[in-house]
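start_8.txt (compact mmCIF, C-alpha atoms)
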# COMPACT_ATOMS: atom_id res chain seq x y z
CA MET A 1 30.05 -211.79 -169.46
CA SER A 2 33.15 -210.76 -167.58
CA LYS A 3 36.66 -212.07 -167.64
CA VAL A 4 37.97 -213.97 -164.61
CA SER A 5 41.53 -215.21 -164.16
CA MET A 6 42.81 -217.59 -161.53
CA THR A 7 45.28 -220.40 -160.99
CA VAL A 8 43.64 -223.83 -160.80
CA ASN A 9 45.80 -226.81 -159.85
CA GLY A 10 48.91 -224.88 -160.84
CA GLN A 11 47.63 -223.76 -164.24
CA SER A 12 46.63 -220.22 -165.13
CA VAL A 13 43.14 -220.00 -166.52
CA SER A 14 41.28 -217.02 -167.91
CA GLU A 15 37.67 -217.36 -169.01
CA ASP A 16 34.56 -215.35 -169.71
CA VAL A 17 31.88 -216.01 -167.10
CA GLU A 18 28.50 -214.67 -166.11
CA PRO A 19 28.75 -212.95 -162.71
CA ARG A 20 26.23 -215.42 -161.29
CA MET A 21 28.36 -218.47 -162.16
CA LEU A 22 29.37 -220.34 -158.99
CA LEU A 23 32.95 -221.48 -158.53
CA VAL A 24 31.79 -225.11 -158.61
CA GLN A 25 30.04 -224.56 -161.96
CA PHE A 26 33.15 -222.88 -163.28
CA LEU A 27 35.32 -225.82 -162.24
CA ARG A 28 32.96 -228.53 -163.49
CA GLU A 29 31.34 -227.02 -166.56
CA GLN A 30 33.95 -224.62 -167.87
CA LEU A 31 37.19 -226.39 -166.87
CA LEU A 32 35.65 -229.90 -166.94
CA LEU A 33 37.15 -230.71 -163.53
CA THR A 34 34.26 -232.92 -162.49
CA GLY A 35 35.93 -234.40 -159.42
CA THR A 36 34.38 -231.60 -157.37
CA HIS A 37 30.77 -232.58 -156.72
CA VAL A 38 27.48 -230.87 -155.93
CA GLY A 39 25.42 -232.71 -153.34
CA CYS A 40 22.98 -230.10 -152.04
CA ASP A 41 21.57 -226.68 -152.75
CA THR A 42 21.98 -225.34 -149.26
CA SER A 43 25.74 -225.14 -148.56
CA GLN A 44 25.57 -227.95 -146.06
CA CYS A 45 26.89 -231.18 -147.62
CA GLY A 46 30.52 -230.32 -148.38
CA ALA A 47 30.81 -232.44 -151.57
CA CYS A 48 32.05 -229.30 -153.35
CA VAL A 49 34.91 -228.41 -150.97
CA VAL A 50 38.02 -227.05 -152.69
CA HIS A 51 40.93 -224.94 -151.46
CA VAL A 52 41.00 -221.25 -152.33
CA ASN A 53 44.21 -219.47 -151.37
CA GLY A 54 45.06 -222.39 -149.11
CA ARG A 55 41.76 -222.61 -147.20
CA ALA A 56 38.90 -225.04 -147.65
CA ILE A 57 35.68 -223.43 -148.83
CA LYS A 58 32.42 -224.62 -150.32
CA SER A 59 32.74 -223.90 -154.02
CA CYS A 60 28.94 -223.91 -154.35
CA THR A 61 28.87 -220.86 -152.09
CA ALA A 62 31.39 -218.65 -153.85
CA LEU A 63 31.08 -216.81 -157.16
CA ALA A 64 33.72 -217.73 -159.74
CA ILE A 65 34.19 -214.06 -160.54
CA ALA A 66 34.92 -213.29 -156.87
CA CYS A 67 37.90 -215.67 -157.08
CA GLU A 68 39.76 -213.28 -159.39
CA GLY A 69 43.49 -213.78 -158.87
CA ALA A 70 42.97 -216.68 -156.48
CA THR A 71 44.87 -219.95 -156.27
CA VAL A 72 42.45 -222.86 -156.37
CA THR A 73 43.20 -226.51 -155.67
CA THR A 74 40.69 -229.26 -156.43
CA ILE A 75 40.77 -233.01 -155.86
CA GLU A 76 42.40 -233.34 -159.30
CA GLY A 77 45.30 -231.22 -158.09
CA ILE A 78 46.52 -233.20 -155.09
CA GLY A 79 47.57 -236.59 -156.49
CA SER A 80 47.29 -238.94 -159.44
CA GLU A 81 46.04 -242.49 -159.94
CA SER A 82 49.58 -243.82 -159.80
CA ASN A 83 50.64 -241.53 -156.98
CA LEU A 84 47.77 -240.90 -154.57
CA HIS A 85 47.96 -238.11 -151.99
CA PRO A 86 48.51 -239.63 -148.51
CA MET A 87 44.97 -238.63 -147.54
CA GLN A 88 43.55 -240.35 -150.64
CA GLU A 89 45.62 -243.42 -149.87
CA ALA A 90 44.32 -243.42 -146.28
CA PHE A 91 40.70 -243.26 -147.50
CA ARG A 92 41.40 -246.24 -149.82
CA GLU A 93 43.26 -248.20 -147.14
CA HIS A 94 40.56 -247.69 -144.49
CA HIS A 95 37.63 -248.20 -146.85
CA ALA A 96 36.37 -244.71 -145.97
CA LEU A 97 33.91 -244.59 -148.85
CA GLN A 98 31.13 -246.59 -150.35
CA CYS A 99 29.49 -244.68 -153.19
CA GLY A 100 32.31 -242.14 -153.22
CA TYR A 101 30.14 -239.11 -153.92
CA CYS A 102 31.19 -237.16 -150.81
CA THR A 103 34.82 -238.33 -150.98
CA PRO A 104 36.44 -235.48 -152.95
CA GLY A 105 34.98 -232.95 -150.52
CA MET A 106 35.87 -235.12 -147.53
CA ILE A 107 39.48 -235.37 -148.67
CA MET A 108 39.86 -231.66 -149.43
CA ALA A 109 38.27 -230.83 -146.05
CA SER A 110 40.53 -233.33 -144.30
CA ILE A 111 43.72 -231.88 -145.80
CA ASP A 112 42.53 -228.47 -144.58
CA ILE A 113 42.07 -229.91 -141.08
CA VAL A 114 45.68 -231.12 -141.13
CA ASN A 115 46.85 -227.73 -142.41
CA ARG A 116 45.12 -226.00 -139.49
CA LYS A 117 45.35 -228.53 -136.67
CA GLY A 118 48.49 -230.53 -137.42
CA HIS A 119 49.26 -234.19 -137.91
CA LYS A 120 48.12 -235.60 -134.58
CA LEU A 121 44.33 -235.52 -134.61
CA ASP A 122 42.18 -237.18 -131.98
CA GLU A 123 38.82 -238.69 -132.84
CA GLN A 124 36.80 -235.91 -131.20
CA THR A 125 38.63 -233.22 -133.17
CA ILE A 126 38.15 -235.06 -136.46
CA ARG A 127 34.43 -235.56 -135.84
CA GLU A 128 33.93 -231.89 -134.94
CA GLU A 129 35.96 -230.69 -137.89
CA LEU A 130 33.94 -232.82 -140.34
CA GLU A 131 30.82 -230.87 -139.35
CA GLY A 132 30.54 -229.41 -142.85
CA ASN A 133 30.79 -232.69 -144.76
CA ILE A 134 27.91 -235.13 -145.01
CA CYS A 135 28.24 -238.81 -145.93
CA ARG A 136 25.09 -240.90 -146.37
CA CYS A 137 26.81 -244.29 -146.76
CA THR A 138 29.56 -245.00 -144.31
CA GLY A 139 28.31 -243.88 -140.91
CA TYR A 140 31.58 -241.92 -140.69
CA HIS A 141 33.58 -244.42 -138.60
CA ASN A 142 35.98 -245.36 -141.37
CA ILE A 143 36.24 -241.78 -142.56
CA VAL A 144 37.33 -240.72 -139.08
CA LYS A 145 39.93 -243.50 -139.02
CA ALA A 146 41.17 -242.52 -142.48
CA VAL A 147 41.54 -238.83 -141.60
CA GLY A 148 43.62 -239.71 -138.52
CA ALA A 149 45.82 -242.07 -140.52
CA GLY A 150 46.07 -239.69 -143.48
CA ALA A 151 47.06 -236.82 -141.18
CA ALA A 152 49.88 -238.92 -139.70
CA ALA A 153 50.98 -240.07 -143.15
CA MET A 154 51.11 -236.47 -144.40
CA ALA A 155 53.77 -235.75 -141.76
CA LYS A 156 56.06 -238.29 -143.44
CA THR A 157 55.44 -237.17 -147.01
CA PRO A 158 56.86 -233.95 -148.41
CA ALA A 159 53.94 -231.71 -149.39
CA MET B 1 20.20 -217.65 -159.46
CA TYR B 2 18.88 -214.65 -161.37
CA ALA B 3 21.43 -212.63 -163.33
CA PHE B 4 22.94 -209.53 -161.74
CA ASP B 5 25.61 -206.94 -162.44
CA TYR B 6 28.87 -207.32 -160.56
CA ARG B 7 31.43 -204.77 -159.41
CA ARG B 8 34.69 -205.41 -157.64
CA PRO B 9 35.90 -202.06 -156.29
CA SER B 10 39.39 -201.74 -154.86
CA THR B 11 38.65 -198.88 -152.45
CA LEU B 12 35.82 -197.94 -150.10
CA ASN B 13 35.28 -194.79 -152.12
CA GLU B 14 34.81 -196.82 -155.32
CA ALA B 15 32.38 -199.09 -153.46
CA ASP B 16 30.44 -196.03 -152.33
CA LEU B 17 30.25 -194.76 -155.91
CA ALA B 18 29.19 -198.20 -157.18
CA LEU B 19 26.38 -198.30 -154.61
CA LYS B 20 25.16 -194.90 -155.76
CA ALA B 21 25.36 -195.97 -159.41
CA MET B 22 23.36 -199.18 -158.90
CA PRO B 23 20.25 -198.51 -156.82
CA GLY B 24 19.15 -201.66 -155.00
CA ALA B 25 22.53 -203.36 -155.29
CA LYS B 26 23.84 -205.22 -152.25
CA LEU B 27 27.31 -205.59 -150.78
CA LEU B 28 28.95 -209.01 -150.95
CA ALA B 29 31.25 -209.91 -148.05
CA GLY B 30 31.81 -213.65 -147.45
CA GLY B 31 28.51 -214.52 -149.11
CA GLN B 32 27.75 -217.47 -146.84
CA THR B 33 24.16 -216.33 -146.39
CA LEU B 34 23.68 -214.11 -149.44
CA ILE B 35 24.81 -216.63 -152.07
CA PRO B 36 22.57 -219.48 -150.80
CA THR B 37 19.69 -216.97 -150.71
CA LEU B 38 20.33 -215.95 -154.31
CA LYS B 39 20.82 -219.57 -155.42
CA GLN B 40 17.38 -220.45 -154.17
CA ARG B 41 15.91 -217.37 -155.83
CA LEU B 42 14.71 -216.09 -152.49
CA ASN B 43 16.18 -212.77 -153.50
CA ARG B 44 16.73 -210.98 -156.79
CA LEU B 45 19.24 -208.16 -156.98
CA PRO B 46 20.16 -205.70 -159.71
CA GLY B 47 23.79 -205.84 -158.66
CA LEU B 48 26.40 -207.16 -156.26
CA ILE B 49 29.32 -205.07 -155.07
CA ASP B 50 32.08 -207.37 -153.89
CA LEU B 51 34.11 -206.00 -150.97
CA GLY B 52 36.70 -208.78 -151.33
CA ALA B 53 39.28 -206.75 -153.25
CA ILE B 54 39.37 -203.80 -150.82
CA THR B 55 42.46 -204.02 -148.64
CA GLY B 56 42.55 -203.06 -144.99
CA LEU B 57 39.04 -204.14 -144.06
CA ASP B 58 40.00 -207.39 -142.30
CA GLY B 59 42.46 -206.28 -139.64
CA ILE B 60 42.21 -207.20 -135.96
CA SER B 61 43.96 -205.03 -133.38
CA ARG B 62 43.73 -203.84 -129.82
CA LYS B 63 43.74 -200.15 -129.07
CA ASP B 64 43.86 -199.53 -125.32
CA GLY B 65 40.64 -200.93 -123.93
CA THR B 66 39.07 -201.71 -127.31
CA LEU B 67 39.30 -204.69 -129.61
CA VAL B 68 38.93 -203.45 -133.18
CA VAL B 69 37.80 -206.05 -135.70
CA GLY B 70 37.61 -205.23 -139.41
CA ALA B 71 34.24 -206.04 -140.96
CA MET B 72 35.81 -208.39 -143.52
CA ALA B 73 37.63 -210.49 -140.88
CA THR B 74 36.52 -214.09 -141.34
CA HIS B 75 35.15 -216.18 -138.50
CA TYR B 76 38.33 -218.24 -138.83
CA ALA B 77 40.44 -215.11 -138.37
CA VAL B 78 38.50 -214.02 -135.27
CA ALA B 79 38.60 -217.54 -133.79
CA ASN B 80 42.35 -217.82 -134.23
CA SER B 81 43.47 -214.25 -133.56
CA ALA B 82 45.92 -213.95 -130.69
CA GLU B 83 44.53 -210.44 -130.03
CA VAL B 84 40.97 -211.74 -129.68
CA LYS B 85 42.03 -214.74 -127.59
CA THR B 86 43.85 -212.47 -125.17
CA ALA B 87 41.35 -209.61 -125.04
CA ILE B 88 38.00 -211.46 -125.12
CA PRO B 89 38.70 -215.22 -125.24
CA GLN B 90 35.04 -216.21 -125.35
CA LEU B 91 34.54 -214.09 -128.48
CA ALA B 92 37.13 -216.29 -130.22
CA ASN B 93 35.23 -219.31 -128.95
CA LEU B 94 31.97 -217.92 -130.29
CA ALA B 95 33.54 -217.52 -133.74
CA GLU B 96 34.98 -221.05 -133.57
CA ASN B 97 31.46 -222.44 -133.19
CA ILE B 98 29.76 -220.67 -136.09
CA GLY B 99 28.61 -222.98 -138.90
CA ASP B 100 31.32 -225.36 -140.09
CA PRO B 101 35.02 -224.95 -140.95
CA GLN B 102 34.41 -224.05 -144.60
CA VAL B 103 31.81 -221.43 -143.66
CA ARG B 104 34.21 -220.01 -141.06
CA ASN B 105 36.95 -219.76 -143.69
CA ARG B 106 34.77 -217.57 -145.87
CA GLY B 107 32.06 -215.94 -143.74
CA THR B 108 32.81 -212.56 -142.13
CA ILE B 109 31.88 -210.80 -138.91
CA GLY B 110 30.66 -207.73 -140.82
CA GLY B 111 28.51 -209.79 -143.15
CA SER B 112 26.97 -211.62 -140.22
CA LEU B 113 26.22 -208.45 -138.26
CA ALA B 114 24.89 -206.54 -141.27
CA ASN B 115 22.57 -209.45 -142.08
CA ASN B 116 21.35 -209.51 -138.45
CA ASP B 117 19.95 -213.01 -138.65
CA PRO B 118 17.86 -213.49 -135.49
CA ALA B 119 19.71 -216.78 -134.85
CA ALA B 120 23.24 -215.52 -135.53
CA ASP B 121 25.81 -215.56 -132.71
CA TYR B 122 27.59 -212.23 -133.13
CA PRO B 123 24.60 -209.95 -132.39
CA ALA B 124 24.41 -211.33 -128.83
CA ALA B 125 28.10 -210.61 -128.25
CA ALA B 126 27.97 -207.16 -129.83
CA LEU B 127 24.98 -206.07 -127.75
CA ALA B 128 26.31 -207.60 -124.52
CA LEU B 129 29.73 -205.99 -124.88
CA GLY B 130 28.26 -202.64 -125.96
CA ALA B 131 30.14 -202.72 -129.26
CA SER B 132 30.16 -199.74 -131.56
CA PHE B 133 29.79 -200.04 -135.32
CA LYS B 134 31.95 -197.90 -137.59
CA THR B 135 30.71 -197.30 -141.10
CA ASN B 136 32.07 -195.20 -143.97
CA LYS B 137 29.75 -192.45 -142.74
CA ARG B 138 29.33 -192.61 -138.96
CA SER B 139 29.47 -194.60 -135.73
CA LEU B 140 26.50 -196.46 -134.23
CA THR B 141 25.98 -198.10 -130.86
CA ALA B 142 24.78 -201.70 -130.76
CA GLU B 143 21.36 -200.49 -129.55
CA GLN B 144 21.10 -198.19 -132.55
CA PHE B 145 22.42 -200.81 -134.97
CA PHE B 146 20.09 -203.77 -134.40
CA LYS B 147 16.57 -203.01 -135.59
CA GLY B 148 14.75 -206.33 -135.63
CA LEU B 149 14.63 -209.41 -137.83
CA PHE B 150 17.27 -209.11 -140.57
CA GLU B 151 17.15 -205.34 -140.16
CA THR B 152 19.84 -202.88 -139.08
CA ALA B 153 20.26 -199.11 -139.01
CA LEU B 154 22.60 -199.31 -142.01
CA GLU B 155 21.35 -197.14 -144.84
CA GLU B 156 21.27 -198.16 -148.50
CA ASN B 157 24.60 -196.52 -149.26
CA GLU B 158 26.36 -197.30 -146.01
CA ILE B 159 29.25 -199.73 -145.57
CA LEU B 160 30.14 -201.32 -142.23
CA THR B 161 33.92 -201.13 -141.83
CA GLU B 162 34.86 -201.93 -138.21
CA ILE B 163 33.36 -203.29 -135.03
CA HIS B 164 34.82 -201.91 -131.80
CA PHE B 165 34.41 -204.23 -128.81
CA PRO B 166 35.20 -202.74 -125.40
CA VAL B 167 37.41 -205.29 -123.62
CA ALA B 168 35.14 -206.66 -120.90
CA LYS B 169 36.05 -207.54 -117.34
CA ARG B 170 34.23 -210.77 -118.00
CA PHE B 171 32.44 -212.19 -121.01
CA GLY B 172 30.84 -215.56 -121.67
CA TYR B 173 28.69 -216.97 -124.46
CA ALA B 174 26.79 -220.26 -124.46
CA LYS B 175 24.59 -221.57 -127.22
CA PHE B 176 22.36 -224.50 -127.92
CA ALA B 177 23.06 -225.05 -131.61
CA ASN B 178 20.46 -226.23 -134.05
CA PRO B 179 21.94 -229.63 -134.92
CA ALA B 180 21.43 -229.13 -138.67
CA SER B 181 22.43 -225.53 -139.27
CA ARG B 182 24.60 -224.76 -136.21
CA TYR B 183 22.74 -221.50 -135.87
CA ALA B 184 21.74 -220.71 -132.30
CA LEU B 185 18.42 -222.26 -131.34
CA VAL B 186 19.15 -220.09 -128.33
CA GLY B 187 22.39 -218.30 -127.46
CA VAL B 188 23.05 -216.22 -124.35
CA ALA B 189 25.90 -213.75 -123.85
CA VAL B 190 26.86 -212.32 -120.47
CA ALA B 191 29.27 -209.42 -120.12
CA GLU B 192 30.57 -207.31 -117.28
CA THR B 193 32.04 -204.09 -118.61
CA ALA B 194 32.68 -200.60 -117.26
CA GLY B 195 29.06 -199.94 -118.21
CA GLY B 196 27.72 -202.68 -115.93
CA VAL B 197 26.42 -206.20 -116.49
CA ARG B 198 24.54 -207.13 -119.64
CA VAL B 199 22.73 -210.32 -120.56
CA THR B 200 21.67 -210.73 -124.19
CA VAL B 201 19.79 -213.44 -126.03
CA THR B 202 19.94 -214.48 -129.68
CA GLY B 203 18.00 -217.19 -131.52
CA ALA B 204 14.93 -216.81 -129.36
CA GLY B 205 13.54 -213.29 -129.71
CA ALA B 206 10.52 -212.77 -131.95
CA ASP B 207 12.13 -209.42 -132.82
CA GLY B 208 15.81 -210.44 -132.84
CA VAL B 209 18.51 -210.01 -130.21
CA PHE B 210 17.37 -208.59 -126.85
CA ARG B 211 18.56 -207.88 -123.31
CA VAL B 212 17.24 -209.48 -120.11
CA PRO B 213 17.17 -206.68 -117.48
CA ALA B 214 16.04 -208.96 -114.61
CA MET B 215 19.08 -211.20 -115.09
CA GLU B 216 21.35 -208.16 -115.45
CA SER B 217 20.33 -206.71 -112.10
CA ALA B 218 20.58 -210.11 -110.39
CA LEU B 219 24.12 -210.59 -111.74
CA ALA B 220 25.07 -207.03 -110.81
CA LYS B 221 24.31 -207.97 -107.20
CA SER B 222 26.04 -211.33 -107.37
CA PHE B 223 27.89 -212.53 -110.47
CA ALA B 224 27.22 -216.25 -110.06
CA ALA B 225 25.44 -218.90 -112.12
CA ASN B 226 22.75 -219.45 -109.47
CA SER B 227 21.82 -215.75 -109.56
CA VAL B 228 19.95 -216.26 -112.82
CA SER B 229 18.11 -219.43 -111.82
CA GLY B 230 14.38 -218.95 -111.61
CA ILE B 231 14.36 -215.74 -113.65
CA ALA B 232 11.86 -216.39 -116.43
CA VAL B 233 11.66 -214.57 -119.74
CA ASP B 234 8.16 -213.74 -120.97
CA THR B 235 7.34 -216.30 -123.69
CA LYS B 236 5.25 -213.67 -125.50
CA MET B 237 8.46 -212.00 -126.71
CA LEU B 238 9.95 -215.29 -127.97
CA GLY B 239 9.68 -217.00 -131.32
CA SER B 240 8.05 -220.38 -131.90
CA ASP B 241 8.82 -222.51 -134.96
CA MET B 242 9.33 -226.08 -136.16
CA HIS B 243 12.65 -226.22 -134.29
CA ALA B 244 11.46 -225.17 -130.85
CA ALA B 245 8.40 -223.78 -129.09
CA ALA B 246 8.60 -220.51 -127.15
CA ASP B 247 8.38 -222.20 -123.74
CA TYR B 248 11.27 -224.50 -124.63
CA ARG B 249 13.31 -221.52 -125.76
CA ALA B 250 12.45 -219.75 -122.49
CA HIS B 251 13.76 -222.76 -120.57
CA LEU B 252 16.97 -222.80 -122.62
CA ILE B 253 17.58 -219.10 -121.90
CA GLY B 254 17.79 -219.85 -118.17
CA VAL B 255 20.06 -222.87 -118.67
CA LEU B 256 22.36 -221.10 -121.12
CA ALA B 257 22.55 -217.88 -119.09
CA ALA B 258 23.89 -219.90 -116.15
CA ARG B 259 26.43 -221.60 -118.45
CA ALA B 260 27.49 -218.26 -119.93
CA VAL B 261 28.07 -216.86 -116.42
CA THR B 262 30.23 -219.88 -115.58
CA LEU B 263 32.18 -219.48 -118.82
CA ALA B 264 32.67 -215.77 -118.09
CA GLY B 265 34.37 -216.84 -114.83
So that I can check it, write out the structure of this file as structure tokens.
Amino acid sequence: MSKVSMTVNGQSVSEDVEPRMLLVQFLREQLLLTGTHVGCDTSQCGACVVHVNGRAIKSCTALAIACEGATVTTIEGIGSESNLHPMQEAFREHHALQCGYCTPGMIMASIDIVNRKGHKLDEQTIREELEGNICRCTGYHNIVKAVGAGAAAMAKTPA
Amino acid sequence: MYAFDYRRPSTLNEADLALKAMPGAKLLAGGQTLIPTLKQRLNRLPGLIDLGAITGLDGISRKDGTLVVGAMATHYAVANSAEVKTAIPQLANLAENIGDPQVRNRGTIGGSLANNDPAADYPAAALALGASFKTNKRSLTAEQFFKGLFETALEENEILTEIHFPVAKRFGYAKFANPASRYALVGVAVAETAGGVRVTVTGAGADGVFRVPAMESALAKSFAANSVSGIAVDTKMLGSDMHAAADYRAHLIGVLAARAVTLAG
């Protein structure tokens, strides 16, 4: 076991981990932040997307121990039930989910798109940028609408 | 994933010592291939030496006629670097089309090249541009570096630190991406440098990235998309798998070479 320290959703955490523990296992099993999901074993589905040092990554494809000193944000860290993040609100408003399994990853990926590409996103850009997130329910149409609306809404809301 | 020892050196020298101390250990860069491989128990390692805490390995700069890219530069960094976009714009475009955004945020150019996946994009660019590979021990040409499927000239205790791309007169890269993985089903790079014209192919070769001399000499005479039409690549040197047969890959090489020439301008 080795010690790893990082900041998760604004809180400092320091835990003993096995080197082989994935970041997603650390978040879910050690910190009990189960909003981040695991949908595949092959780094393709994007259900596990979180932000590490401000960039979206697949937490199933990073070792927890390699995130020493990092700042991590998960779906639990962006809003609350009474005060949803604008991107969460847009997903609710546009019915951009059915089973909801992919949604945390979709939302974290979408906020990263806005951070990189700005608040005015055309449909083509959104579809290309969602390459790394798979949804098996919706057919994506409402997700694409939600990301565009959420991106615009984020411009009006202080981060 | 099987258990392994982990080291997180803060200098290249410490990484070198860690490699010597743990025979069989591997270097961890972005981990976007290595971690999935370990997760599926396709590989079992005594140790991982994480290069993530070593500063100064991810810089991108231009020195005269050479674009110098640190081995730990992410695909995102290469795709969005003003230096890359100015010096070799199509190299930025190549990086922008690797995998997906989350993979690009984490995966590195050095990790990709050291892994030498036969369907990776960077090997085609590195061989076409005549890149040189700087390690903590020596410098290698692209021809020396790429050895075949998932094999390079890097020795057990050698660490790739920089890739030096000569700034080309023209460079284009076109790929037909596997729709699931975004790896190149076939990718073709075309470069005109001081050393002449080079055409390289990734994704298709049974033995990894390779050059197409017939297309190179045709383009040297006339650098135009129609110069490569009708030049066939021997299907015996191409791979065949569930994704595409060798004759289909051969067809794609011709189509993509013409597109790469057009993109090179």
ask   = Could you write out as JSON, numbers by chain the residues of chain B within 6 Å of chain A, counting all atoms listed in the file?
value = {"B": [3, 35, 100, 102]}
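When atom CA of A:Arg127 is paired with atom CA of A:Val114, their separation reads 13.2 Å.
By chain and then residue number, the residues within 10 Å of A:Gly118 are Ile111, Asp112, Ala151, Ala152, Met154 and Ala155 of chain A, counting all atoms listed in the file and disregarding those fewer than 6 positions away in sequence.
Taking atom CA of B:Ala120 as the reference point, atom CA of B:Leu12 is found at 26.1 Å.
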Given 5 Å on each side, where is the centre and what are the edge lengths in Å to one decimal of the axis-aligned box enclosing the listed atoms of stretch 127-136 of chain A, as lines of an AutoDock Vina configuration file?
center_x = 30.5
center_y = -235.2
center_z = -140.7
size_x = 20.9
size_y = 21.5
size_z = 21.4
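Going from atom CA of B:Ala128 over to atom CA of B:Arg198, you cover 5.2 Å.
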message = For a quick check of your reading of the model, name the residues lying within 8 Å of the coordinate (34.7, -244.5, -143.7), counting all atoms listed in the file, and write them as JSON, numbers by chain.
response = {"A": [91, 94, 95, 96, 97, 98, 138, 139, 140, 141, 142, 143, 144, 145, 146]}
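Residue neighbourhood of B:Gly30, excluding near-sequence residues (fewer than 5 positions): B:Arg106, B:Gly107, B:Thr108, B:Gly111, at 7 Å, using only C-alpha atoms.
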Write to file, as a tab-separated table (two decimals), in the coordinates of the input, the residues of the selection just made, with C-alpha atoms.
chain	number	residue	atom	x	y	z
B	106	ARG	CA	34.77	-217.57	-145.87
B	107	GLY	CA	32.06	-215.94	-143.74
B	108	THR	CA	32.81	-212.56	-142.13
B	111	GLY	CA	28.51	-209.79	-143.15
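Nearest-residue note for A:Ala153: choosing from A:Ile134, A:Ala70, A:Met108, A:Ala90, the minimum distance belongs to A:Ala90, counting all atoms listed in the file.
Excluding A:Gly79 and any residue on its chain fewer than 3 positions from it, the residues at most 12 Å away by all atoms listed in the file are Asn9, Thr73, Thr74, Ile75, Glu76, Ser82, Asn83, Leu84, His85, Pro86, Met87, Gln88, Glu89, Pro104, Ile107, Met108 and Ala159 of chain A.
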Write the residues of the selection above to a file with C-alpha atoms, as a short mmCIF file (atom, residue, chain, number, x, y, z; two decimals), in the coordinates of the input.
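Okay, out_20.cif is ready:
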data_model
loop_
_atom_site.label_atom_id
_atom_site.label_comp_id
_atom_site.auth_asym_id
_atom_site.auth_seq_id
_atom_site.Cartn_x
_atom_site.Cartn_y
_atom_site.Cartn_z
CA ASN A 9 45.80 -226.81 -159.85
CA THR A 73 43.20 -226.51 -155.67
CA THR A 74 40.69 -229.26 -156.43
CA ILE A 75 40.77 -233.01 -155.86
CA GLU A 76 42.40 -233.34 -159.30
CA SER A 82 49.58 -243.82 -159.80
CA ASN A 83 50.64 -241.53 -156.98
CA LEU A 84 47.77 -240.90 -154.57
CA HIS A 85 47.96 -238.11 -151.99
CA PRO A 86 48.51 -239.63 -148.51
CA MET A 87 44.97 -238.63 -147.54
CA GLN A 88 43.55 -240.35 -150.64
CA GLU A 89 45.62 -243.42 -149.87
CA PRO A 104 36.44 -235.48 -152.95
CA ILE A 107 39.48 -235.37 -148.67
CA MET A 108 39.86 -231.66 -149.43
CA ALA A 159 53.94 -231.71 -149.39
#
ask   = At a cut-off of 12 Å from (46.6, -223.8, -162.8) in the coordinates of the file, what residues are picked up using only C-alpha atoms, written as an NGL selection string?
value = :A and (5-14 or 27 or 31 or 33 or 69-74 or 76-77)
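Using all atoms listed in the file, the smallest distance between any of A:Gln30, A:Asn115, A:Gln124, A:Thr103 and A:Ala64 comes from A:Gln30.
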key: Contacts of stretch 143-155 of chain B within 12 Å, all atoms listed in the file, excl. fewer than 4 positions in-chain, as a ChimeraX atom specification   = /B:16,19-20,24,26-27,33,110-120,122-124,126-139,159-161,163,200,202-211,239
task = Could you give me, as JSON, numbers by chain, the residues within 6 Å of stretch 64-76 of chain B, counting all atoms listed in the file and dropping anything in the same chain fewer than 2 positions from it?
result = {"B": [57, 58, 59, 60, 61, 62, 78, 79, 95, 104, 105, 106, 107, 108, 109, 110, 161, 162, 163, 164, 165, 166, 167]}
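Using only C-alpha atoms, the smallest distance between any of B:Gly195, B:Leu252, B:Phe223, B:Pro101 and A:Ile126 comes from B:Pro101.
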Written-out stretch 124-132 of chain B (N, CA and C atoms) as an mmCIF file, in the first residue's frame:
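File selection.cif, as written:
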data_model
loop_
_atom_site.group_PDB
_atom_site.id
_atom_site.type_symbol
_atom_site.label_atom_id
_atom_site.label_comp_id
_atom_site.auth_asym_id
_atom_site.auth_seq_id
_atom_site.Cartn_x
_atom_site.Cartn_y
_atom_site.Cartn_z
ATOM 1 N N ALA B 124 3.236 7.237 -38.761
ATOM 2 C CA ALA B 124 3.235 7.648 -40.170
ATOM 3 C C ALA B 124 3.838 9.042 -40.325
ATOM 4 N N ALA B 125 3.451 9.952 -39.417
ATOM 5 C CA ALA B 125 3.971 11.324 -39.495
ATOM 6 C C ALA B 125 5.469 11.361 -39.217
ATOM 7 N N ALA B 126 5.892 10.605 -38.193
ATOM 8 C CA ALA B 126 7.310 10.641 -37.808
ATOM 9 C C ALA B 126 8.205 10.104 -38.922
ATOM 10 N N LEU B 127 7.752 9.039 -39.580
ATOM 11 C CA LEU B 127 8.558 8.451 -40.661
ATOM 12 C C LEU B 127 8.517 9.340 -41.915
ATOM 13 N N ALA B 128 7.352 9.924 -42.205
ATOM 14 C CA ALA B 128 7.240 10.776 -43.395
ATOM 15 C C ALA B 128 8.084 12.037 -43.251
ATOM 16 N N LEU B 129 8.066 12.616 -42.054
ATOM 17 C CA LEU B 129 8.796 13.874 -41.848
ATOM 18 C C LEU B 129 10.279 13.639 -41.576
ATOM 19 N N GLY B 130 10.673 12.376 -41.404
ATOM 20 C CA GLY B 130 12.075 12.086 -41.081
ATOM 21 C C GLY B 130 12.434 12.592 -39.696
ATOM 22 N N ALA B 131 11.545 12.346 -38.734
ATOM 23 C CA ALA B 131 11.768 12.812 -37.364
ATOM 24 C C ALA B 131 12.958 12.101 -36.750
ATOM 25 N N SER B 132 13.571 12.754 -35.764
ATOM 26 C CA SER B 132 14.579 12.040 -34.986
ATOM 27 C C SER B 132 14.096 11.938 -33.546
#
